[in-house]
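Here is the file final-v7.pdb (PDB, C-alpha atoms).
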ATOM      1  CA  PHE A   1      -7.079  -6.102 -16.773
ATOM      2  CA  PRO A   2      -5.104  -3.256 -15.143
ATOM      3  CA  GLY A   3      -1.356  -3.258 -15.661
ATOM      4  CA  GLY A   4       1.345  -2.389 -18.152
ATOM      5  CA  ALA A   5       4.965  -3.560 -18.207
ATOM      6  CA  PRO A   6       6.546  -1.185 -15.616
ATOM      7  CA  ALA A   7       3.545  -1.461 -13.282
ATOM      8  CA  ASN A   8       3.606  -5.239 -13.640
ATOM      9  CA  VAL A   9       7.287  -5.417 -12.695
ATOM     10  CA  ALA A  10       6.815  -3.111  -9.697
ATOM     11  CA  SER A  11       3.878  -5.184  -8.497
ATOM     12  CA  ALA A  12       5.663  -8.506  -8.952
ATOM     13  CA  CYS A  13       8.685  -7.203  -7.024
ATOM     14  CA  CYS A  14       6.493  -6.211  -4.090
ATOM     15  CA  LYS A  15       4.764  -9.588  -4.076
ATOM     16  CA  LEU A  16       8.186 -11.206  -3.693
ATOM     17  CA  GLY A  17       9.163  -8.871  -0.857
ATOM     18  CA  THR A  18      11.274  -6.337  -2.760
ATOM     19  CA  SER A  19      10.042  -2.767  -2.436
ATOM     20  CA  ALA A  20       9.315  -0.843  -5.630
ATOM     21  CA  ALA A  21       8.110   2.570  -6.769
ATOM     22  CA  PHE A  22       6.213   3.246  -9.984
ATOM     23  CA  VAL A  23       6.656   6.288 -12.229
ATOM     24  CA  GLY A  24       4.043   6.885 -14.906
ATOM     25  CA  CYS A  25       1.045   8.933 -15.982
ATOM     26  CA  VAL A  26      -2.599   7.878 -16.108
ATOM     27  CA  GLY A  27      -5.817   9.755 -16.735
ATOM     28  CA  GLN A  28      -8.219  11.212 -14.216
ATOM     29  CA  ASP A  29     -10.652   8.413 -14.965
ATOM     30  CA  ASP A  30     -11.910   5.103 -13.623
ATOM     31  CA  ASP A  31      -9.082   3.116 -15.229
ATOM     32  CA  GLY A  32      -6.507   5.408 -13.637
ATOM     33  CA  ASP A  33      -8.233   5.121 -10.258
ATOM     34  CA  THR A  34      -8.279   1.335 -10.548
ATOM     35  CA  LEU A  35      -4.587   1.051 -11.362
ATOM     36  CA  GLU A  36      -3.545   3.474  -8.627
ATOM     37  CA  ARG A  37      -5.600   1.661  -5.981
ATOM     38  CA  LEU A  38      -4.390  -1.734  -7.116
ATOM     39  CA  LEU A  39      -0.728  -0.780  -6.961
ATOM     40  CA  ARG A  40      -0.918   1.225  -3.738
ATOM     41  CA  ASP A  41      -3.493  -0.595  -1.646
ATOM     42  CA  ASN A  42      -3.501  -4.184  -2.892
ATOM     43  CA  VAL A  43       0.184  -4.694  -3.666
ATOM     44  CA  GLY A  44       2.100  -2.005  -1.767
ATOM     45  CA  VAL A  45       3.848  -0.242  -4.636
ATOM     46  CA  ASP A  46       4.984   3.319  -3.887
ATOM     47  CA  VAL A  47       2.933   5.501  -6.266
ATOM     48  CA  THR A  48       4.240   8.844  -5.013
ATOM     49  CA  LEU A  49       5.586   9.676  -8.474
ATOM     50  CA  LEU A  50       2.454   8.615 -10.353
ATOM     51  CA  GLN A  51       1.027  11.527 -12.337
ATOM     52  CA  ARG A  52      -2.647  12.049 -13.174
ATOM     53  CA  THR A  53      -3.841  14.148 -16.116
ATOM     54  CA  THR A  54      -7.158  15.418 -17.462
ATOM     55  CA  GLN A  55      -5.706  15.912 -20.948
ATOM     56  CA  ALA A  56      -5.978  12.284 -22.060
ATOM     57  CA  PRO A  57      -7.430   8.982 -20.831
ATOM     58  CA  THR A  58      -5.586   6.068 -19.330
ATOM     59  CA  ARG A  59      -4.419   3.830 -22.165
ATOM     60  CA  ARG A  60      -6.444   0.727 -22.917
ATOM     61  CA  VAL A  61      -4.636  -1.804 -25.087
ATOM     62  CA  LEU A  62      -6.765  -4.237 -27.078
ATOM     63  CA  VAL A  63      -5.394  -7.747 -26.659
ATOM     64  CA  THR A  64      -6.602 -10.935 -28.310
ATOM     65  CA  ARG A  65      -5.889 -14.239 -26.636
ATOM     66  CA  SER A  66      -5.629 -17.579 -28.409
ATOM     67  CA  LEU A  67      -7.019 -20.861 -27.095
ATOM     68  CA  ASP A  68      -3.555 -21.827 -25.818
ATOM     69  CA  GLY A  69      -3.250 -18.600 -23.780
ATOM     70  CA  ASP A  70      -0.907 -16.659 -26.062
ATOM     71  CA  ARG A  71      -1.780 -13.034 -26.769
ATOM     72  CA  ALA A  72      -1.444 -10.470 -29.533
ATOM     73  CA  PHE A  73      -1.671  -6.678 -29.301
ATOM     74  CA  GLY A  74      -4.221  -5.283 -31.721
ATOM     75  CA  GLY A  75      -4.512  -1.563 -31.066
ATOM     76  CA  PHE A  76      -6.104   0.851 -28.607
ATOM     77  CA  ALA A  77      -9.557   1.618 -27.264
ATOM     78  CA  TYR A  78     -11.729   4.642 -28.045
ATOM     79  CA  GLY A  79     -10.457   4.807 -31.634
ATOM     80  CA  ARG A  80      -7.598   7.014 -30.469
ATOM     81  CA  ALA A  81      -4.171   7.292 -32.045
ATOM     82  CA  THR A  82      -1.246   5.792 -30.141
ATOM     83  CA  GLU A  83      -0.002   9.212 -28.998
ATOM     84  CA  ASP A  84      -3.371  10.309 -27.543
ATOM     85  CA  PHE A  85      -3.149   8.625 -24.143
ATOM     86  CA  ALA A  86      -2.071   9.771 -20.705
ATOM     87  CA  ASP A  87       1.171   7.772 -20.518
ATOM     88  CA  CYS A  88       2.563   9.846 -23.396
ATOM     89  CA  LEU A  89       2.263  12.941 -21.192
ATOM     90  CA  LEU A  90       4.589  11.874 -18.384
ATOM     91  CA  ASP A  91       6.268  15.162 -17.466
ATOM     92  CA  ALA A  92       9.937  15.196 -16.451
ATOM     93  CA  THR A  93       9.624  18.589 -14.779
ATOM     94  CA  LEU A  94       6.706  17.475 -12.617
ATOM     95  CA  VAL A  95       8.565  14.304 -11.654
ATOM     96  CA  GLN A  96      11.578  16.331 -10.554
ATOM     97  CA  LYS A  97       9.420  18.781  -8.583
ATOM     98  CA  ASN A  98       7.848  16.012  -6.513
ATOM     99  CA  GLU A  99       9.069  16.402  -2.934
ATOM    100  CA  LYS A 100       9.846  12.682  -2.652
ATOM    101  CA  TYR A 101      11.699  12.426  -5.972
ATOM    102  CA  GLU A 102      15.231  12.868  -4.636
ATOM    103  CA  SER A 103      14.802  10.445  -1.764
ATOM    104  CA  ILE A 104      13.241   7.814  -4.015
ATOM    105  CA  MET A 105      16.028   8.153  -6.558
ATOM    106  CA  ASN A 106      18.729   8.087  -3.889
ATOM    107  CA  ASP A 107      17.297   4.835  -2.501
ATOM    108  CA  ALA A 108      16.839   3.140  -5.863
ATOM    109  CA  LYS A 109      19.121   0.184  -6.540
ATOM    110  CA  TRP A 110      17.607  -0.643  -9.927
ATOM    111  CA  ILE A 111      15.654   1.300 -12.538
ATOM    112  CA  VAL A 112      13.529  -0.886 -14.787
ATOM    113  CA  CYS A 113      12.248   0.421 -18.122
ATOM    114  CA  SER A 114      10.536  -0.991 -21.127
ATOM    115  CA  THR A 115      11.009   0.987 -24.327
ATOM    116  CA  LEU A 116       7.404   1.933 -25.115
ATOM    117  CA  SER A 117       7.675   5.365 -23.498
ATOM    118  CA  LEU A 118      10.528   6.188 -25.863
ATOM    119  CA  ALA A 119       7.999   6.401 -28.699
ATOM    120  CA  TYR A 120       6.662   9.765 -27.451
ATOM    121  CA  GLU A 121       8.611  12.973 -26.937
ATOM    122  CA  ALA A 122       7.438  13.966 -23.443
ATOM    123  CA  SER A 123       7.561  10.501 -21.884
ATOM    124  CA  ALA A 124      10.898   9.739 -23.547
ATOM    125  CA  ASP A 125      12.361  12.889 -22.016
ATOM    126  CA  ALA A 126      10.993  11.901 -18.615
ATOM    127  CA  ILE A 127      12.377   8.357 -18.795
ATOM    128  CA  ILE A 128      15.821   9.523 -19.886
ATOM    129  CA  THR A 129      15.840  12.146 -17.100
ATOM    130  CA  ILE A 130      14.930   9.542 -14.475
ATOM    131  CA  VAL A 131      17.500   7.046 -15.722
ATOM    132  CA  GLU A 132      20.290   9.627 -15.724
ATOM    133  CA  ARG A 133      19.354  10.755 -12.210
ATOM    134  CA  GLY A 134      19.278   7.195 -10.922
ATOM    135  CA  GLN A 135      22.627   6.372 -12.459
ATOM    136  CA  GLU A 136      24.135   9.408 -10.724
ATOM    137  CA  SER A 137      23.248   7.728  -7.424
ATOM    138  CA  GLY A 138      24.601   4.358  -8.495
ATOM    139  CA  ALA A 139      21.373   2.677  -9.569
ATOM    140  CA  ARG A 140      21.677  -0.035 -12.191
ATOM    141  CA  LEU A 141      19.501  -0.072 -15.298
ATOM    142  CA  CYS A 142      17.468  -3.014 -16.543
ATOM    143  CA  VAL A 143      15.881  -2.564 -19.971
ATOM    144  CA  ASP A 144      13.147  -4.763 -21.383
ATOM    145  CA  ILE A 145      13.163  -4.319 -25.174
ATOM    146  CA  ASN A 146       9.397  -4.991 -25.288
ATOM    147  CA  TRP A 147       9.054  -4.252 -29.025
ATOM    148  CA  ARG A 148       5.421  -3.449 -29.851
ATOM    149  CA  PRO A 149       4.973  -2.129 -33.414
ATOM    150  CA  VAL A 150       1.544  -0.710 -32.590
ATOM    151  CA  PHE A 151       3.191   1.964 -30.392
ATOM    152  CA  TRP A 152       5.551   3.250 -33.079
ATOM    153  CA  SER A 153       4.954   5.035 -36.387
ATOM    154  CA  ASP A 154       8.437   4.394 -37.848
ATOM    155  CA  GLU A 155      10.014   0.966 -37.387
ATOM    156  CA  GLU A 156      13.520   1.955 -38.431
ATOM    157  CA  LYS A 157      13.492   4.949 -36.109
ATOM    158  CA  ALA A 158      12.171   2.704 -33.340
ATOM    159  CA  ARG A 159      15.038   0.251 -33.807
ATOM    160  CA  GLU A 160      17.573   3.077 -33.640
ATOM    161  CA  VAL A 161      16.059   4.695 -30.525
ATOM    162  CA  ILE A 162      15.552   1.419 -28.688
ATOM    163  CA  LEU A 163      19.057   0.176 -29.380
ATOM    164  CA  GLU A 164      20.690   3.445 -28.334
ATOM    165  CA  PHE A 165      18.795   3.403 -25.041
ATOM    166  CA  ALA A 166      19.347  -0.293 -24.326
ATOM    167  CA  LYS A 167      23.107   0.018 -24.779
ATOM    168  CA  GLN A 168      23.175   1.964 -21.489
ATOM    169  CA  ALA A 169      21.730  -0.971 -19.570
ATOM    170  CA  ASN A 170      23.404  -3.246 -17.055
ATOM    171  CA  ILE A 171      20.893  -5.991 -17.832
ATOM    172  CA  VAL A 172      18.952  -6.361 -21.083
ATOM    173  CA  LYS A 173      15.915  -8.623 -21.357
ATOM    174  CA  LEU A 174      14.561  -9.470 -24.784
ATOM    175  CA  THR A 175      12.801 -12.268 -26.606
ATOM    176  CA  ASP A 176      14.404 -14.451 -29.232
ATOM    177  CA  GLU A 177      12.189 -12.720 -31.802
ATOM    178  CA  GLU A 178      13.410  -9.302 -30.654
ATOM    179  CA  ALA A 179      17.026 -10.433 -31.012
ATOM    180  CA  ASP A 180      16.226 -11.298 -34.608
ATOM    181  CA  TRP A 181      14.467  -7.940 -35.132
ATOM    182  CA  LEU A 182      17.306  -5.903 -33.631
ATOM    183  CA  PHE A 183      20.351  -7.770 -34.926
ATOM    184  CA  GLY A 184      19.287 -10.529 -37.287
ATOM    185  CA  ILE A 185      20.406 -13.110 -34.695
ATOM    186  CA  THR A 186      18.203 -16.132 -35.313
ATOM    187  CA  ASP A 187      19.746 -18.465 -32.711
ATOM    188  CA  ALA A 188      19.650 -16.156 -29.674
ATOM    189  CA  LEU A 189      18.093 -18.812 -27.454
ATOM    190  CA  GLU A 190      20.894 -21.273 -28.240
ATOM    191  CA  ASN A 191      23.632 -18.620 -28.154
ATOM    192  CA  PRO A 192      22.777 -15.774 -25.773
ATOM    193  CA  SER A 193      26.411 -14.703 -25.737
ATOM    194  CA  LYS A 194      25.937 -13.525 -29.342
ATOM    195  CA  VAL A 195      23.310 -11.084 -28.121
ATOM    196  CA  HIS A 196      25.410 -10.107 -25.110
ATOM    197  CA  ALA A 197      28.217  -9.138 -27.451
ATOM    198  CA  LYS A 198      25.916  -6.521 -28.976
ATOM    199  CA  PHE A 199      25.642  -4.858 -25.550
ATOM    200  CA  PRO A 200      29.303  -4.500 -24.490
ATOM    201  CA  ASN A 201      28.449  -2.306 -21.494
ATOM    202  CA  ALA A 202      25.970  -4.788 -20.043
ATOM    203  CA  GLN A 203      26.752  -7.315 -17.339
ATOM    204  CA  GLY A 204      24.103  -9.629 -18.668
ATOM    205  CA  VAL A 205      21.456 -10.508 -21.222
ATOM    206  CA  LEU A 206      18.304 -12.553 -20.691
ATOM    207  CA  VAL A 207      16.663 -14.139 -23.744
ATOM    208  CA  THR A 208      13.109 -15.383 -23.215
ATOM    209  CA  ALA A 209      11.071 -17.504 -25.607
ATOM    210  CA  GLY A 210       7.874 -18.561 -23.845
ATOM    211  CA  GLU A 211       7.283 -22.289 -23.984
ATOM    212  CA  LYS A 212      10.680 -22.769 -25.652
ATOM    213  CA  GLY A 213      12.505 -21.698 -22.497
ATOM    214  CA  VAL A 214      15.001 -19.000 -21.560
ATOM    215  CA  SER A 215      18.746 -18.529 -21.893
ATOM    216  CA  TYR A 216      21.151 -16.161 -20.228
ATOM    217  CA  SER A 217      24.602 -14.667 -20.438
ATOM    218  CA  LEU A 218      25.423 -13.178 -17.043
ATOM    219  CA  TRP A 219      28.873 -12.133 -15.839
ATOM    220  CA  GLY A 220      30.553 -14.705 -18.043
ATOM    221  CA  ALA A 221      28.164 -17.585 -17.320
ATOM    222  CA  SER A 222      25.901 -18.733 -20.134
ATOM    223  CA  GLU A 223      23.238 -21.446 -20.185
ATOM    224  CA  PHE A 224      19.794 -22.506 -21.427
ATOM    225  CA  VAL A 225      16.904 -23.299 -19.072
ATOM    226  CA  GLU A 226      13.935 -25.317 -20.267
ATOM    227  CA  ALA A 227      10.457 -23.949 -19.691
ATOM    228  CA  PHE A 228       8.470 -25.295 -16.770
ATOM    229  CA  GLU A 229       5.282 -27.045 -17.827
ATOM    230  CA  MET A 230       2.112 -25.368 -16.596
ATOM    231  CA  ASP A 231      -1.594 -25.319 -17.396
ATOM    232  CA  ILE A 232      -1.491 -22.110 -19.447
ATOM    233  CA  LYS A 233      -4.453 -19.725 -19.326
ATOM    234  CA  ASP A 234      -2.957 -16.316 -20.156
ATOM    235  CA  THR A 235       0.646 -15.425 -20.984
ATOM    236  CA  THR A 236       0.196 -11.686 -20.342
ATOM    237  CA  GLY A 237       2.786 -10.365 -17.897
ATOM    238  CA  ALA A 238       4.903 -13.527 -17.740
ATOM    239  CA  GLY A 239       8.021 -11.702 -18.882
ATOM    240  CA  ASP A 240       7.421  -8.942 -16.350
ATOM    241  CA  ALA A 241       7.159 -11.459 -13.508
ATOM    242  CA  PHE A 242      10.365 -13.077 -14.778
ATOM    243  CA  ILE A 243      12.218  -9.746 -14.687
ATOM    244  CA  ALA A 244      10.912  -8.962 -11.206
ATOM    245  CA  ALA A 245      12.093 -12.307  -9.873
ATOM    246  CA  MET A 246      15.532 -11.781 -11.417
ATOM    247  CA  LEU A 247      15.793  -8.349  -9.781
ATOM    248  CA  HIS A 248      14.645  -9.809  -6.464
ATOM    249  CA  GLY A 249      17.519 -12.272  -6.724
ATOM    250  CA  PHE A 250      20.053  -9.647  -7.784
ATOM    251  CA  MET A 251      19.112  -7.608  -4.714
ATOM    252  CA  ALA A 252      20.173 -10.543  -2.530
ATOM    253  CA  VAL A 253      23.723 -10.488  -3.934
ATOM    254  CA  GLU A 254      25.879  -8.420  -1.591
ATOM    255  CA  ASN A 255      27.981  -6.841  -4.344
ATOM    256  CA  LEU A 256      27.218  -7.562  -7.973
ATOM    257  CA  ASP A 257      30.478  -5.918  -9.027
ATOM    258  CA  ASP A 258      32.366  -8.769  -7.383
ATOM    259  CA  LEU A 259      30.910 -11.175  -9.935
ATOM    260  CA  ASP A 260      33.195  -9.698 -12.575
ATOM    261  CA  ASP A 261      36.164 -11.261 -10.778
ATOM    262  CA  LEU A 262      34.689 -14.708 -10.149
ATOM    263  CA  PRO A 263      35.290 -17.779 -12.337
ATOM    264  CA  SER A 264      32.380 -18.462 -14.662
ATOM    265  CA  GLU A 265      31.631 -21.721 -12.846
ATOM    266  CA  GLU A 266      31.030 -19.879  -9.583
ATOM    267  CA  VAL A 267      28.849 -17.322 -11.345
ATOM    268  CA  TYR A 268      26.900 -20.178 -12.943
ATOM    269  CA  ASN A 269      26.305 -21.740  -9.521
ATOM    270  CA  MET A 270      24.769 -18.439  -8.386
ATOM    271  CA  MET A 271      22.886 -17.423 -11.508
ATOM    272  CA  ASP A 272      21.437 -20.678 -12.784
ATOM    273  CA  PRO A 273      19.216 -21.269  -9.721
ATOM    274  CA  LEU A 274      18.113 -17.635  -9.937
ATOM    275  CA  VAL A 275      17.114 -17.932 -13.594
ATOM    276  CA  ARG A 276      15.197 -21.111 -12.785
ATOM    277  CA  PHE A 277      13.444 -19.341  -9.909
ATOM    278  CA  ALA A 278      12.518 -16.455 -12.220
ATOM    279  CA  SER A 279      11.318 -18.871 -14.901
ATOM    280  CA  ILE A 280       8.975 -20.470 -12.385
ATOM    281  CA  ALA A 281       7.647 -17.024 -11.436
ATOM    282  CA  GLY A 282       6.944 -16.265 -15.089
ATOM    283  CA  ALA A 283       5.369 -19.661 -15.725
ATOM    284  CA  LEU A 284       3.075 -19.462 -12.680
ATOM    285  CA  THR A 285       1.848 -16.080 -13.918
ATOM    286  CA  CYS A 286       0.513 -17.873 -16.995
ATOM    287  CA  THR A 287      -1.764 -20.129 -14.933
ATOM    288  CA  LYS A 288      -4.253 -17.332 -14.175
ATOM    289  CA  GLU A 289      -5.853 -14.511 -16.114
ATOM    290  CA  GLY A 290      -4.482 -10.989 -16.063
ATOM    291  CA  ALA A 291      -0.981  -9.733 -15.367
ATOM    292  CA  ILE A 292      -0.859  -8.329 -11.829
ATOM    293  CA  ALA A 293      -3.564 -10.548 -10.345
ATOM    294  CA  ALA A 294      -1.820 -13.639 -11.696
ATOM    295  CA  GLN A 295       1.623 -12.904 -10.282
ATOM    296  CA  PRO A 296       2.822 -15.445  -7.722
ATOM    297  CA  THR A 297       3.919 -14.735  -4.177
ATOM    298  CA  MET A 298       7.141 -16.113  -2.754
ATOM    299  CA  ASN A 299       5.144 -18.804  -0.936
ATOM    300  CA  GLU A 300       3.529 -19.933  -4.186
ATOM    301  CA  ILE A 301       6.880 -20.168  -5.950
ATOM    302  CA  GLU A 302       8.443 -22.102  -3.074
ATOM    303  CA  GLU A 303       5.430 -24.420  -2.918
ATOM    304  CA  TYR A 304       5.937 -25.234  -6.593
ATOM    305  CA  MET A 305       9.691 -25.693  -6.175
ATOM    306  CA  PHE A 306       9.558 -27.977  -3.157
ATOM    307  CA  THR A 307       6.470 -30.128  -3.807
TER     308      THR A 307
END
How does the structure come out when it is put into structure tokens?
Amino acid sequence: FPGGAPANVASACCKLGTSAAFVGCVGQDDDGDTLERLLRDNVGVDVTLLQRTTQAPTRRVLVTRSLDGDRAFGGFAYGRATEDFADCLLDATLVQKNEKYESIMNDAKWIVCSTLSLAYEASADAIITIVERGQESGARLCVDINWRPVFWSDEEKAREVILEFAKQANIVKLTDEEADWLFGITDALENPSKVHAKFPNAQGVLVTAGEKGVSYSLWGASEFVEAFEMDIKDTTGAGDAFIAAMLHGFMAVENLDDLDDLPSEEVYNMMDPLVRFASIAGALTCTKEGAIAAQPTMNEIEEYMFT
């Protein structure tokens, strides 16, 4: 299935009515063609900054899926090493030279990154360049920890790089297992504020745990939300749909900075319905196969909520 965390988030945003642009690099091959067409023509993602290369193929990740719909990442196609795929070659200089780059960055309200691109020198440089440029224009940063050992050769180095990058974020999304991996926090789902304290510059932390539910610490409000029961077929992309729905909701808030001055009860009254909305978006994504194809529209989410 075509996708990948940043592409999934961009697609899910567009399906909810929030415009999004995708920055990445794919090969000059059928898989690259498929992803570009899907994002541009089927979903409406701006792919102006998408790069194509002949030096390496589009990455294919081998995923195994259990009978209950959960998935595990097992490696890469073609017998290639992790660094031998097109996404590793994202070029910061080429991104900056794109004639639409400045206008896209000036319009951006949020930059969303997973941490996989940080595993490779060229793509890490490109991601850091884009983030710094966006922040100059006032864009906020949302980081999905998205720890995947198969992408990294050195786990300790990965932890150091990921943590340094994530500490710049306004919003950090991670799983309960990732909170344990990063900090040794074993009760992140019950106590998201513990995780939030590790990111003192962030306005919020979102802790997801699949069928166990999600918890949040956002602008002083903290709570746990139970998972919504669904007929699960494939969990791929559920977290990406959740992030997209959260961003869609954040975009509706006139001034997020004002939340810093509100009582926690008022913030709770704003954020709790949003987290529940995002949880439904993530859960509905699990009812179909694939990541992008399975993402719900606003109508589908509202139909679930009000029937």
Grab all the atoms of stretch 118-126 of chain A that the file lists, wrap them in a box along x, y and z, add 5 Å per side, and give me centre plus edge lengths in Å (one decimal) as lines of an AutoDock Vina configuration file.
center_x = 9.5
center_y = 10.1
center_z = -23.7
size_x = 15.7
size_y = 17.8
size_z = 20.1
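Taking atom CA of A:Ala122 as the reference point, atom CA of A:Cys88 is found at 6.4 Å.
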Here's the selection I'm unsure about, the PyMOL selection byres ((chain A and resi 278-281) around 9); applied to the file above, which residues does it give, as an mmCIF file with C-alpha atoms, keeping the file's coordinate frame?
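Heads up, here's the output in expr02.cif:
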data_model
loop_
_atom_site.group_PDB
_atom_site.id
_atom_site.type_symbol
_atom_site.label_atom_id
_atom_site.label_comp_id
_atom_site.auth_asym_id
_atom_site.auth_seq_id
_atom_site.Cartn_x
_atom_site.Cartn_y
_atom_site.Cartn_z
ATOM 1 C CA GLY A 213 12.505 -21.698 -22.497
ATOM 2 C CA VAL A 214 15.001 -19.000 -21.560
ATOM 3 C CA VAL A 225 16.904 -23.299 -19.072
ATOM 4 C CA GLU A 226 13.935 -25.317 -20.267
ATOM 5 C CA ALA A 227 10.457 -23.949 -19.691
ATOM 6 C CA PHE A 228 8.470 -25.295 -16.770
ATOM 7 C CA ALA A 238 4.903 -13.527 -17.740
ATOM 8 C CA GLY A 239 8.021 -11.702 -18.882
ATOM 9 C CA ALA A 241 7.159 -11.459 -13.508
ATOM 10 C CA PHE A 242 10.365 -13.077 -14.778
ATOM 11 C CA ILE A 243 12.218 -9.746 -14.687
ATOM 12 C CA ALA A 244 10.912 -8.962 -11.206
ATOM 13 C CA ALA A 245 12.093 -12.307 -9.873
ATOM 14 C CA MET A 246 15.532 -11.781 -11.417
ATOM 15 C CA GLY A 249 17.519 -12.272 -6.724
ATOM 16 C CA PRO A 273 19.216 -21.269 -9.721
ATOM 17 C CA LEU A 274 18.113 -17.635 -9.937
ATOM 18 C CA VAL A 275 17.114 -17.932 -13.594
ATOM 19 C CA ARG A 276 15.197 -21.111 -12.785
ATOM 20 C CA PHE A 277 13.444 -19.341 -9.909
ATOM 21 C CA GLY A 282 6.944 -16.265 -15.089
ATOM 22 C CA ALA A 283 5.369 -19.661 -15.725
ATOM 23 C CA LEU A 284 3.075 -19.462 -12.680
ATOM 24 C CA THR A 285 1.848 -16.080 -13.918
ATOM 25 C CA GLN A 295 1.623 -12.904 -10.282
ATOM 26 C CA PRO A 296 2.822 -15.445 -7.722
ATOM 27 C CA THR A 297 3.919 -14.735 -4.177
ATOM 28 C CA MET A 298 7.141 -16.113 -2.754
ATOM 29 C CA GLU A 300 3.529 -19.933 -4.186
ATOM 30 C CA ILE A 301 6.880 -20.168 -5.950
ATOM 31 C CA TYR A 304 5.937 -25.234 -6.593
ATOM 32 C CA MET A 305 9.691 -25.693 -6.175
#
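Under the PyMOL selection byres ((chain A and resi 54) around 6), the matching residues in the shown file are A:Gly27, A:Gln28, A:Thr53, A:Gln55, A:Ala56.
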Spatial neighbours of A:Phe224, 10 Å, all atoms listed in the file, chain gap at least 6 places, as a JSON list (two decimals) with C-alpha atoms, in the frame of the given file:
[["chain", "number", "residue", "atom", "x", "y", "z"],
["A", 189, "LEU", "CA", 18.09, -18.81, -27.45],
["A", 190, "GLU", "CA", 20.89, -21.27, -28.24],
["A", 191, "ASN", "CA", 23.63, -18.62, -28.15],
["A", 192, "PRO", "CA", 22.78, -15.77, -25.77],
["A", 207, "VAL", "CA", 16.66, -14.14, -23.74],
["A", 208, "THR", "CA", 13.11, -15.38, -23.22],
["A", 213, "GLY", "CA", 12.50, -21.70, -22.50],
["A", 214, "VAL", "CA", 15.00, -19.00, -21.56],
["A", 215, "SER", "CA", 18.75, -18.53, -21.89],
["A", 216, "TYR", "CA", 21.15, -16.16, -20.23],
["A", 217, "SER", "CA", 24.60, -14.67, -20.44],
["A", 272, "ASP", "CA", 21.44, -20.68, -12.78],
["A", 275, "VAL", "CA", 17.11, -17.93, -13.59],
["A", 276, "ARG", "CA", 15.20, -21.11, -12.78]]
| request: Using the chain letters and residue numbers of this document, give as JSON, numbers by chain the residues selected by the PyMOL selection byres ((chain A and resi 29-43) around 8). | output: {"A": [2, 3, 7, 11, 14, 15, 26, 27, 28, 44, 45, 46, 47, 52, 57, 58]}
Based on the selection just made, write C-alpha atoms of those residues as a PDB file, keeping the file's coordinate frame.
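Written output follows (part.pdb):
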ATOM      1  CA  PRO A   2      -5.104  -3.256 -15.143  1.00  0.00           C
ATOM      2  CA  GLY A   3      -1.356  -3.258 -15.661  1.00  0.00           C
ATOM      3  CA  ALA A   7       3.545  -1.461 -13.282  1.00  0.00           C
ATOM      4  CA  SER A  11       3.878  -5.184  -8.497  1.00  0.00           C
ATOM      5  CA  CYS A  14       6.493  -6.211  -4.090  1.00  0.00           C
ATOM      6  CA  LYS A  15       4.764  -9.588  -4.076  1.00  0.00           C
ATOM      7  CA  VAL A  26      -2.599   7.878 -16.108  1.00  0.00           C
ATOM      8  CA  GLY A  27      -5.817   9.755 -16.735  1.00  0.00           C
ATOM      9  CA  GLN A  28      -8.219  11.212 -14.216  1.00  0.00           C
ATOM     10  CA  GLY A  44       2.100  -2.005  -1.767  1.00  0.00           C
ATOM     11  CA  VAL A  45       3.848  -0.242  -4.636  1.00  0.00           C
ATOM     12  CA  ASP A  46       4.984   3.319  -3.887  1.00  0.00           C
ATOM     13  CA  VAL A  47       2.933   5.501  -6.266  1.00  0.00           C
ATOM     14  CA  ARG A  52      -2.647  12.049 -13.174  1.00  0.00           C
ATOM     15  CA  PRO A  57      -7.430   8.982 -20.831  1.00  0.00           C
ATOM     16  CA  THR A  58      -5.586   6.068 -19.330  1.00  0.00           C
TER      17      THR A  58
END
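Remark: for A:Lys167, the closest of the candidate residues A:Gly204, A:Gly184, A:Gly134, A:Pro149 is A:Gly204 (distances computed over all atoms listed in the file).
Between atom CA of A:Ser153 and atom CA of A:Phe76 lies a distance of 14.2 Å.
When all atoms listed in the file are used to compute distances to A:Lys288, the closest of the residues A:Asp240, A:Glu303, A:Asp260, A:Asp231 turns out to be A:Asp231.
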| Distance of atom CA of A:Ala166 from atom CA of A:Leu90, expressed in Å to one decimal place |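 These atoms are spaced 20.0 Å apart.
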| Of the candidates A:Ala119, A:Ile185, A:Leu174, A:Ala21, which shows the shortest atom-to-atom distance to A:Glu160, using only C-alpha atoms? |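 Of A:Ala119, A:Ile185, A:Leu174, A:Ala21, the one nearest A:Glu160, counting only C-alpha atoms, is A:Ala119.
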| message | Restricting the calculation to only C-alpha atoms: of A:Ser19, A:Asn269, A:Ser193, A:Thr236, which residue gets closest to A:Asp107? | response |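 Answer, going by the shortest atom-to-atom distance: A:Ser19.
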| said: Restricting the calculation to all atoms listed in the file: of A:Phe199, A:Phe250, A:Phe22, A:Trp219, which residue gets closest to A:Ala169? | reply: A:Phe199
| request: Might you pull out every residue within 12 Å of A:Glu102, with only C-alpha atoms counted and same-chain residues fewer than 3 positions away left off, and present them as a ChimeraX atom specification? | output: /A:48-49,95-99,105-108,130,133-134,136-137
| Taking into account all atoms listed in the file, which residue in the set A:Leu247, A:Ser123, A:Asp234, A:Leu94 is nearest to A:Ala10? |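 Counting all atoms listed in the file, the residue closest to A:Ala10 is A:Leu247.
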